[in-house]
>>> print(open('final.json').read())   # JSON, C-alpha atoms and all ligand atoms
[["chain", "number", "residue", "atom", "x", "y", "z"],
["F", 1, "MET", "CA", -13.28, 2.38, -7.34],
["F", 2, "LEU", "CA", -12.56, 1.55, -3.68],
["F", 3, "THR", "CA", -15.06, 2.62, -1.05],
["F", 4, "LEU", "CA", -15.01, 1.93, 2.67],
["F", 5, "ASP", "CA", -18.32, 2.70, 4.31],
["F", 6, "LYS", "CA", -18.51, 2.81, 8.13],
["F", 7, "VAL", "CA", -15.86, 0.12, 8.53],
["F", 8, "SER", "CA", -15.15, -1.10, 12.04],
["F", 9, "LEU", "CA", -12.60, -3.67, 13.16],
["F", 10, "LEU", "CA", -12.20, -5.54, 16.43],
["F", 11, "TYR", "CA", -9.18, -7.38, 17.79],
["F", 12, "GLY", "CA", -10.90, -9.40, 20.52],
["F", 13, "ASN", "CA", -12.48, -6.76, 22.77],
["F", 14, "PHE", "CA", -10.35, -3.94, 21.39],
["F", 15, "GLN", "CA", -11.96, -1.80, 18.70],
["F", 16, "ALA", "CA", -9.23, -0.57, 16.34],
["F", 17, "LEU", "CA", -11.48, 1.05, 13.70],
["F", 18, "HIS", "CA", -14.64, 3.04, 14.38],
["F", 19, "GLY", "CA", -16.85, 3.65, 11.34],
["F", 20, "VAL", "CA", -14.13, 4.52, 8.82],
["F", 21, "ASP", "CA", -15.28, 6.13, 5.54],
["F", 22, "ILE", "CA", -12.67, 6.33, 2.78],
["F", 23, "HIS", "CA", -12.80, 6.30, -0.99],
["F", 24, "ALA", "CA", -10.27, 6.26, -3.79],
["F", 25, "ASP", "CA", -11.33, 6.95, -7.37],
["F", 26, "GLU", "CA", -9.70, 5.25, -10.31],
["F", 27, "GLY", "CA", -6.21, 6.65, -10.93],
["F", 28, "GLU", "CA", -6.01, 8.55, -7.64],
["F", 29, "LEU", "CA", -3.15, 8.46, -5.18],
["F", 30, "VAL", "CA", -4.73, 8.75, -1.75],
["F", 31, "VAL", "CA", -2.66, 9.09, 1.42],
["F", 32, "LEU", "CA", -3.55, 7.91, 4.92],
["F", 33, "LEU", "CA", -1.72, 9.91, 7.57],
["F", 34, "GLY", "CA", -1.60, 8.90, 11.20],
["F", 35, "ALA", "CA", 0.72, 8.29, 14.13],
["F", 36, "ASN", "CA", 1.85, 4.84, 15.29],
["F", 37, "GLY", "CA", -1.15, 2.80, 16.30],
["F", 38, "ALA", "CA", -3.72, 5.13, 14.70],
["F", 39, "GLY", "CA", -5.17, 2.31, 12.61],
["F", 40, "LYS", "CA", -3.60, 2.65, 9.15],
["F", 41, "SER", "CA", -2.47, -0.99, 8.91],
["F", 42, "SER", "CA", -5.80, -2.14, 10.32],
["F", 43, "ILE", "CA", -7.56, -0.39, 7.44],
["F", 44, "PHE", "CA", -5.30, -2.19, 4.95],
["F", 45, "HIS", "CA", -5.79, -5.53, 6.69],
["F", 46, "ALA", "CA", -9.55, -5.10, 6.51],
["F", 47, "VAL", "CA", -9.42, -4.16, 2.81],
["F", 48, "SER", "CA", -7.12, -7.02, 1.78],
["F", 49, "GLY", "CA", -9.08, -9.55, 3.81],
["F", 50, "LEU", "CA", -6.29, -10.38, 6.28],
["F", 51, "GLN", "CA", -8.65, -9.25, 9.05],
["F", 52, "ARG", "CA", -12.38, -9.41, 8.63],
["F", 53, "ALA", "CA", -14.13, -6.08, 9.20],
["F", 54, "SER", "CA", -16.60, -6.43, 12.04],
["F", 55, "GLY", "CA", -18.97, -3.88, 10.55],
["F", 56, "GLY", "CA", -19.53, -1.77, 7.47],
["F", 57, "SER", "CA", -18.85, -2.37, 3.83],
["F", 58, "ILE", "CA", -15.76, -2.37, 1.59],
["F", 59, "ARG", "CA", -16.51, -2.22, -2.12],
["F", 60, "PHE", "CA", -13.98, -2.52, -4.91],
["F", 61, "GLY", "CA", -15.05, -2.14, -8.54],
["F", 62, "GLY", "CA", -18.66, -2.71, -7.45],
["F", 63, "ARG", "CA", -17.93, -5.92, -5.50],
["F", 64, "GLU", "CA", -18.26, -6.35, -1.74],
["F", 65, "LEU", "CA", -14.91, -7.44, -0.29],
["F", 66, "VAL", "CA", -15.95, -8.21, 3.29],
["F", 67, "GLY", "CA", -16.01, -12.00, 3.52],
["F", 68, "ARG", "CA", -13.86, -12.57, 0.42],
["F", 69, "LYS", "CA", -10.59, -14.48, 0.80],
["F", 70, "PRO", "CA", -7.30, -12.54, 0.51],
["F", 71, "SER", "CA", -6.33, -14.53, -2.61],
["F", 72, "GLN", "CA", -9.66, -13.67, -4.28],
["F", 73, "ILE", "CA", -9.12, -10.01, -3.45],
["F", 74, "VAL", "CA", -5.72, -10.16, -5.21],
["F", 75, "GLU", "CA", -7.44, -11.76, -8.20],
["F", 76, "ASP", "CA", -9.93, -8.88, -8.15],
["F", 77, "GLY", "CA", -6.95, -6.57, -8.71],
["F", 78, "LEU", "CA", -6.33, -5.20, -5.23],
["F", 79, "VAL", "CA", -2.84, -5.94, -3.89],
["F", 80, "HIS", "CA", -1.45, -5.16, -0.43],
["F", 81, "CYS", "CA", 2.23, -4.41, 0.10],
["F", 82, "PRO", "CA", 2.54, -4.80, 3.88],
["F", 83, "GLU", "CA", 4.44, -2.77, 6.43],
["F", 84, "GLY", "CA", 7.84, -4.31, 7.14],
["F", 85, "ARG", "CA", 8.04, -5.79, 3.60],
["F", 86, "LYS", "CA", 7.49, -9.41, 4.74],
["F", 87, "LEU", "CA", 9.94, -10.90, 2.23],
["F", 88, "PHE", "CA", 11.31, -14.43, 2.34],
["F", 89, "PRO", "CA", 14.90, -13.42, 3.19],
["F", 90, "GLY", "CA", 16.54, -16.74, 2.32],
["F", 91, "MET", "CA", 14.90, -16.95, -1.12],
["F", 92, "SER", "CA", 16.28, -15.20, -4.18],
["F", 93, "VAL", "CA", 14.98, -11.83, -5.31],
["F", 94, "LEU", "CA", 13.55, -13.54, -8.41],
["F", 95, "LYS", "CA", 11.67, -16.13, -6.34],
["F", 96, "ASN", "CA", 10.24, -13.44, -4.08],
["F", 97, "LEU", "CA", 9.04, -11.50, -7.13],
["F", 98, "THR", "CA", 7.50, -14.49, -8.89],
["F", 99, "LEU", "CA", 5.59, -15.42, -5.71],
["F", 100, "GLY", "CA", 3.68, -12.15, -6.18],
["F", 101, "GLY", "CA", 2.37, -13.46, -9.51],
["F", 102, "TYR", "CA", 1.16, -16.71, -7.94],
["F", 103, "VAL", "CA", -2.55, -16.05, -8.48],
["F", 104, "HIS", "CA", -1.89, -15.56, -12.21],
["F", 105, "ARG", "CA", 0.44, -18.58, -12.47],
["F", 106, "ARG", "CA", -1.37, -20.14, -15.43],
["F", 107, "ASP", "CA", -0.41, -17.19, -17.62],
["F", 108, "GLY", "CA", 3.35, -17.81, -18.02],
["F", 109, "LYS", "CA", 3.96, -15.30, -20.82],
["F", 110, "GLY", "CA", 2.12, -12.52, -19.03],
["F", 111, "SER", "CA", 4.24, -13.14, -15.93],
["F", 112, "GLN", "CA", 7.48, -12.76, -17.89],
["F", 113, "ARG", "CA", 6.24, -9.44, -19.29],
["F", 114, "LEU", "CA", 5.36, -8.24, -15.80],
["F", 115, "LEU", "CA", 8.75, -9.33, -14.51],
["F", 116, "ASP", "CA", 10.39, -7.34, -17.32],
["F", 117, "GLU", "CA", 8.33, -4.31, -16.30],
["F", 118, "VAL", "CA", 9.41, -4.69, -12.66],
["F", 119, "PHE", "CA", 13.06, -4.94, -13.74],
["F", 120, "ALA", "CA", 12.62, -1.84, -15.93],
["F", 121, "LEU", "CA", 11.27, 0.05, -12.91],
["F", 122, "PHE", "CA", 13.97, -1.33, -10.57],
["F", 123, "PRO", "CA", 17.07, -2.19, -12.68],
["F", 124, "ILE", "CA", 19.07, -3.02, -9.53],
["F", 125, "LEU", "CA", 16.71, -5.96, -8.89],
["F", 126, "HIS", "CA", 17.68, -7.47, -12.23],
["F", 127, "GLU", "CA", 21.34, -7.26, -11.23],
["F", 128, "LYS", "CA", 20.55, -8.87, -7.88],
["F", 129, "LYS", "CA", 17.93, -11.34, -9.06],
["F", 130, "ASP", "CA", 19.85, -14.41, -7.86],
["F", 131, "CYS", "CA", 20.86, -12.96, -4.47],
["F", 132, "PRO", "CA", 18.95, -13.87, -1.31],
["F", 133, "ALA", "CA", 16.44, -11.06, -0.69],
["F", 134, "GLY", "CA", 17.71, -10.75, 2.90],
["F", 135, "SER", "CA", 21.17, -9.73, 1.66],
["F", 136, "LEU", "CA", 19.87, -6.55, -0.03],
["F", 137, "SER", "CA", 19.85, -3.05, 1.50],
["F", 138, "GLY", "CA", 16.65, -1.78, 3.12],
["F", 139, "GLY", "CA", 15.73, 0.31, 0.09],
["F", 140, "GLN", "CA", 16.35, -2.58, -2.30],
["F", 141, "GLN", "CA", 14.24, -4.88, -0.11],
["F", 142, "GLN", "CA", 11.43, -2.34, -0.27],
["F", 143, "MET", "CA", 11.77, -2.40, -4.07],
["F", 144, "VAL", "CA", 11.38, -6.20, -3.97],
["F", 145, "ALA", "CA", 8.24, -5.80, -1.84],
["F", 146, "ILE", "CA", 6.73, -3.28, -4.27],
["F", 147, "GLY", "CA", 7.87, -5.35, -7.27],
["F", 148, "ARG", "CA", 6.26, -8.46, -5.78],
["F", 149, "ALA", "CA", 3.00, -6.51, -5.34],
["F", 150, "LEU", "CA", 3.18, -5.34, -8.97],
["F", 151, "MET", "CA", 3.53, -8.98, -10.07],
["F", 152, "GLY", "CA", -0.05, -9.42, -8.78],
["F", 153, "ARG", "CA", -1.20, -7.03, -11.56],
["F", 154, "PRO", "CA", -2.88, -4.53, -9.26],
["F", 155, "LYS", "CA", -5.55, -2.14, -10.44],
["F", 156, "ALA", "CA", -5.18, -0.71, -6.94],
["F", 157, "LEU", "CA", -2.17, -0.96, -4.67],
["F", 158, "LEU", "CA", -2.16, -0.61, -0.87],
["F", 159, "LEU", "CA", 1.29, 0.54, 0.25],
["F", 160, "ASP", "CA", 1.87, 0.41, 4.00],
["F", 161, "GLU", "CA", 4.71, 2.70, 5.12],
["F", 162, "PRO", "CA", 7.11, 2.01, 2.24],
["F", 163, "SER", "CA", 9.57, 4.65, 3.50],
["F", 164, "LEU", "CA", 9.91, 3.15, 6.99],
["F", 165, "GLY", "CA", 13.55, 2.89, 8.11],
["F", 166, "LEU", "CA", 15.04, 4.15, 4.82],
["F", 167, "ALA", "CA", 17.72, 6.83, 4.41],
["F", 168, "PRO", "CA", 16.43, 10.25, 3.22],
["F", 169, "LEU", "CA", 17.86, 9.92, -0.29],
["F", 170, "VAL", "CA", 16.32, 6.47, -0.70],
["F", 171, "VAL", "CA", 13.01, 7.77, 0.65],
["F", 172, "ARG", "CA", 12.98, 10.39, -2.10],
["F", 173, "GLN", "CA", 13.61, 7.76, -4.79],
["F", 174, "MET", "CA", 10.88, 5.57, -3.30],
["F", 175, "PHE", "CA", 8.29, 8.36, -3.50],
["F", 176, "GLU", "CA", 9.33, 9.13, -7.11],
["F", 177, "ILE", "CA", 8.78, 5.48, -8.02],
["F", 178, "ILE", "CA", 5.40, 5.39, -6.28],
["F", 179, "ALA", "CA", 4.36, 8.50, -8.24],
["F", 180, "ARG", "CA", 5.45, 6.79, -11.48],
["F", 181, "ILE", "CA", 3.47, 3.64, -10.68],
["F", 182, "ASN", "CA", 0.42, 5.83, -10.07],
["F", 183, "GLN", "CA", 0.97, 7.87, -13.26],
["F", 184, "ALA", "CA", 1.11, 4.61, -15.23],
["F", 185, "GLY", "CA", -2.52, 4.03, -14.17],
["F", 186, "THR", "CA", -2.49, 2.14, -10.87],
["F", 187, "THR", "CA", -4.68, 3.57, -8.12],
["F", 188, "VAL", "CA", -2.62, 3.87, -4.93],
["F", 189, "LEU", "CA", -3.62, 4.02, -1.27],
["F", 190, "LEU", "CA", -0.50, 4.97, 0.67],
["F", 191, "ALA", "CA", -0.17, 4.85, 4.48],
["F", 192, "GLU", "CA", 2.68, 7.05, 5.66],
["F", 193, "GLN", "CA", 4.18, 8.85, 8.60],
["F", 194, "ASN", "CA", 6.44, 10.76, 6.20],
["F", 195, "ALA", "CA", 3.61, 13.24, 5.68],
["F", 196, "TYR", "CA", 5.26, 15.96, 3.63],
["F", 197, "ALA", "CA", 6.75, 13.63, 1.00],
["F", 198, "ALA", "CA", 3.55, 11.60, 0.79],
["F", 199, "LEU", "CA", 1.28, 14.64, 0.43],
["F", 200, "ASN", "CA", 3.49, 15.99, -2.32],
["F", 201, "ILE", "CA", 2.61, 13.08, -4.61],
["F", 202, "ALA", "CA", -1.01, 12.67, -3.39],
["F", 203, "SER", "CA", -4.29, 13.75, -4.93],
["F", 204, "ARG", "CA", -6.12, 13.60, -1.59],
["F", 205, "ALA", "CA", -5.45, 12.49, 1.96],
["F", 206, "TYR", "CA", -7.15, 11.37, 5.16],
["F", 207, "VAL", "CA", -5.91, 11.82, 8.71],
["F", 208, "ILE", "CA", -6.68, 8.97, 11.08],
["F", 209, "GLU", "CA", -6.51, 9.18, 14.87],
["F", 210, "GLN", "CA", -7.45, 6.37, 17.23],
["F", 211, "GLY", "CA", -9.32, 4.46, 14.56],
["F", 212, "ARG", "CA", -11.36, 7.43, 13.30],
["F", 213, "ILE", "CA", -10.97, 9.65, 10.24],
["F", 214, "VAL", "CA", -10.63, 13.15, 11.69],
["F", 215, "LEU", "CA", -9.75, 15.11, 8.56],
["F", 216, "GLU", "CA", -10.02, 14.71, 4.80],
["F", 217, "GLY", "CA", -8.96, 16.99, 1.98],
["F", 218, "SER", "CA", -6.98, 17.63, -1.16],
["F", 219, "ARG", "CA", -3.18, 17.75, -1.11],
["F", 220, "GLU", "CA", -3.30, 21.55, -1.05],
["F", 221, "GLU", "CA", -5.85, 21.67, 1.77],
["F", 222, "LEU", "CA", -3.85, 19.31, 3.99],
["F", 223, "LEU", "CA", -0.48, 20.88, 3.21],
["F", 224, "GLY", "CA", -1.99, 24.22, 4.19],
["F", 225, "ASN", "CA", -3.74, 22.92, 7.33],
["F", 226, "GLU", "CA", -2.05, 24.19, 10.48],
["F", 227, "GLN", "CA", -3.07, 21.17, 12.58],
["F", 228, "VAL", "CA", -1.56, 18.82, 9.99],
["F", 229, "ARG", "CA", 1.60, 20.90, 9.69],
["F", 230, "LYS", "CA", 2.09, 20.89, 13.47],
["F", 231, "ALA", "CA", 1.27, 17.24, 14.09],
["F", 232, "TYR", "CA", 2.69, 15.53, 11.01],
["F", 233, "ILE", "CA", 5.03, 17.85, 9.16],
["F", 234, "GLY", "CA", 6.70, 19.64, 12.03],
["F", 235, "ALA", "CA", 6.66, 23.09, 10.43],
["F", 301, "LIG", "P1", 1.80, 1.45, 12.93],
["F", 301, "LIG", "O1", 2.36, 2.36, 11.95],
["F", 301, "LIG", "O2", 2.49, 1.51, 14.26],
["F", 301, "LIG", "O3", 1.59, 0.05, 12.43],
["F", 301, "LIG", "P2", -1.01, 1.89, 12.47],
["F", 301, "LIG", "O4", -1.60, 3.25, 12.27],
["F", 301, "LIG", "O5", -0.80, 1.06, 11.26],
["F", 301, "LIG", "O6", 0.35, 2.04, 13.26],
["F", 301, "LIG", "P3", -2.46, -0.36, 13.51],
["F", 301, "LIG", "O7", -1.31, -1.30, 13.36],
["F", 301, "LIG", "O8", -3.60, -0.47, 12.58],
["F", 301, "LIG", "O9", -1.92, 1.15, 13.50],
["F", 301, "LIG", "O10", -2.99, -0.48, 15.01],
["F", 301, "LIG", "C1", -4.19, 0.16, 15.46],
["F", 301, "LIG", "C2", -4.45, -0.29, 16.88],
["F", 301, "LIG", "O11", -4.78, -1.67, 16.87],
["F", 301, "LIG", "C3", -3.25, -0.14, 17.83],
["F", 301, "LIG", "O12", -3.73, 0.25, 19.08],
["F", 301, "LIG", "C4", -2.67, -1.54, 17.87],
["F", 301, "LIG", "O13", -2.02, -1.78, 19.11],
["F", 301, "LIG", "C5", -3.92, -2.40, 17.73],
["F", 301, "LIG", "N1", -3.63, -3.68, 17.07],
["F", 301, "LIG", "C6", -3.09, -3.86, 15.83],
["F", 301, "LIG", "N2", -3.00, -5.17, 15.53],
["F", 301, "LIG", "C7", -3.50, -5.84, 16.59],
["F", 301, "LIG", "C8", -3.69, -7.22, 16.89],
["F", 301, "LIG", "N3", -3.37, -8.18, 16.02],
["F", 301, "LIG", "N4", -4.23, -7.53, 18.10],
["F", 301, "LIG", "C9", -4.58, -6.57, 18.99],
["F", 301, "LIG", "N5", -4.45, -5.25, 18.76],
["F", 301, "LIG", "C10", -3.90, -4.89, 17.59]]
>>> encode(input="final.json", output="structure tokens")
Amino acid sequence: MLTLDKVSLLYGNFQALHGVDIHADEGELVVLLGANGAGKSSIFHAVSGLQRASGGSIRFGGRELVGRKPSQIVEDGLVHCPEGRKLFPGMSVLKNLTLGGYVHRRDGKGSQRLLDEVFALFPILHEKKDCPAGSLSGGQQQMVAIGRALMGRPKALLLDEPSLGLAPLVVRQMFEIIARINQAGTTVLLAEQNAYAALNIASRAYVIEQGRIVLEGSREELLGNEQVRKAYIGA
């Protein structure tokens, strides 16, 4: 469904990605593990068109994405939920959510149905729909960010560090929700530093170091890999 083939990315003279090969099949939940600065966000930026890959190919549902505009990529069904949430803090929760459905704005009824689905997944957001997004707790703000991404009707969702800065109990809820979104049929590519929790809901995972994929395997293979346990799980 999504295939990155030898993708490289430059920021000026600095090469952040070096020939990255990744694929996610339809319905999979694939995890990207890596330390700060390894290149996880750069991969997502290249896929969603926020940064243009300087080499290689990114195909989604048979279409080449390199060179397509970010809004077209959302219309194709690939939605990026960025690290740090990037909400509009002064706008209401409802407004933030509906902005995620912007590319489908002509379909008013469909948007209401999607909004109902988001509220069913995150009932607290319905209660807080008129509050400024910036007044919510960190976990609730992350729910708004994921809800906004779901309003774009993703076939595939790129989630960049959704557990960042959240309390352990909230992190657990967040991973349960991500697993539910995936079980409902959305393909998920999840970048995480919270390796154990992420691997537990994953089908497969990749380890990225300094812009290169250094390891790839199934959940079981990576959970059992001593290098991974030492570097990312701490056991
Ligand atoms: P983090 O979790 O800290 O965001 P990451 O794995 O997502 O880490 P990236 O943000 O993709 O890593 O960064 C990969 C490398 O690219 C790092 O060395 C980073 O400093 C560099 N980098 C990222 N964005 C830019 C930019 N806009 N300009 C220059 N260098 C950048």
>>> closest_residue(input="final.json", among="F:Gly100, F:Gly234, F:Gly211, F:Gly56", to="ligand LIG 301 (chain F)", atoms="all atoms listed in the file")
F:Gly211
>>> closest_residue(input="final.json", among="F:Gly49, F:Gly134, F:Pro89, F:Gly39", to="ligand LIG 301 (chain F)", atoms="all atoms listed in the file")
F:Gly39
>>> residues_around(input="final.json", residues="range 17-29 of chain F", least_positions_apart="6", cutoff="8 Å", atoms="all atoms listed in the file", output="PyMOL selection string")
chain F and resi 1-10+39+42-43+55-56+182-183+185-190+201-204+206+210-213
>>> closest_atom_pairs(input="final.json", of="chain F", to="ligand LIG 301 (chain F)", cutoff="9 Å", atoms="all atoms listed in the file", output="Markdown table")
| residue | atom | partner | partner_atom | distance |
| --- | --- | --- | --- | --- |
| F:Leu9 | CA | F:LIG301 | O11 | 8.9 |
| F:Leu10 | CA | F:LIG301 | N5 | 8.1 |
| F:Tyr11 | CA | F:LIG301 | C9 | 4.8 |
| F:Gly12 | CA | F:LIG301 | C9 | 7.1 |
| F:Asn13 | CA | F:LIG301 | C9 | 8.8 |
| F:Phe14 | CA | F:LIG301 | N5 | 6.6 |
| F:Gln15 | CA | F:LIG301 | O11 | 7.4 |
| F:Ala16 | CA | F:LIG301 | O11 | 4.6 |
| F:Leu17 | CA | F:LIG301 | C1 | 7.6 |
| F:Leu32 | CA | F:LIG301 | O4 | 8.9 |
| F:Leu33 | CA | F:LIG301 | O4 | 8.2 |
| F:Gly34 | CA | F:LIG301 | O4 | 5.8 |
| F:Ala35 | CA | F:LIG301 | O4 | 5.9 |
| F:Asn36 | CA | F:LIG301 | O2 | 3.5 |
| F:Gly37 | CA | F:LIG301 | O9 | 3.3 |
| F:Ala38 | CA | F:LIG301 | O4 | 3.7 |
| F:Gly39 | CA | F:LIG301 | O8 | 3.2 |
| F:Lys40 | CA | F:LIG301 | O4 | 3.8 |
| F:Ser41 | CA | F:LIG301 | O5 | 3.5 |
| F:Ser42 | CA | F:LIG301 | O8 | 3.6 |
| F:Ile43 | CA | F:LIG301 | O8 | 6.5 |
| F:Phe44 | CA | F:LIG301 | O8 | 8.0 |
| F:His45 | CA | F:LIG301 | O8 | 8.1 |
| F:Gln51 | CA | F:LIG301 | N3 | 8.8 |
| F:Glu83 | CA | F:LIG301 | O3 | 7.2 |
| F:Asp160 | CA | F:LIG301 | O5 | 7.8 |
| F:Glu161 | CA | F:LIG301 | O1 | 7.2 |
| F:Ala191 | CA | F:LIG301 | O5 | 7.8 |
| F:Glu192 | CA | F:LIG301 | O1 | 7.9 |
| F:Gln193 | CA | F:LIG301 | O1 | 7.5 |
| F:Ile208 | CA | F:LIG301 | O4 | 7.7 |
| F:Glu209 | CA | F:LIG301 | O4 | 8.1 |
| F:Gln210 | CA | F:LIG301 | C1 | 7.2 |
| F:Gly211 | CA | F:LIG301 | C1 | 6.8 |
>>> atom_distance(input="final.json", atom1="CA of Ser111 in chain F", atom2="CA of Ala179 in chain F")
23.0 Å
>>> closest_residue(input="final.json", among="F:Gly84, F:Tyr232, F:Leu99, F:Gly67", to="Leu164 in chain F", atoms="all atoms listed in the file")
F:Gly84
>>> residues_near_point(input="final.json", point="(20.2, -0.1, 7.0)", cutoff="12 Å", atoms="only C-alpha atoms", output="MDAnalysis selection string")
chainID F and resid 134:142 164:168 170
>>> atom_distance(input="final.json", atom1="CA of Asp76 in chain F", atom2="CA of Pro123 in chain F")
28.2 Å
>>> residues_around(input="final.json", residues="Leu223 in chain F", least_positions_apart="2", cutoff="10 Å", atoms="all atoms listed in the file", output="PyMOL selection string")
chain F and resi 195-196+199-200+205+217-221+225-229+232-233
>>> closest_residue(input="final.json", among="F:Ile177, F:Cys81, F:Glu117, F:Ser163", to="Ala149 in chain F", atoms="all atoms listed in the file")
F:Cys81
>>> atom_distance(input="final.json", atom1="CA of Val31 in chain F", atom2="CA of Val207 in chain F")
8.4 Å
>>> closest_residue(input="final.json", among="F:Ala198, F:Ile124, F:Leu159, F:Leu222", to="Arg172 in chain F", atoms="only C-alpha atoms")
F:Ala198
>>> closest_residue(input="final.json", among="F:Asp130, F:Val144, F:Leu65, F:Leu114", to="Leu97 in chain F", atoms="only C-alpha atoms")
F:Val144
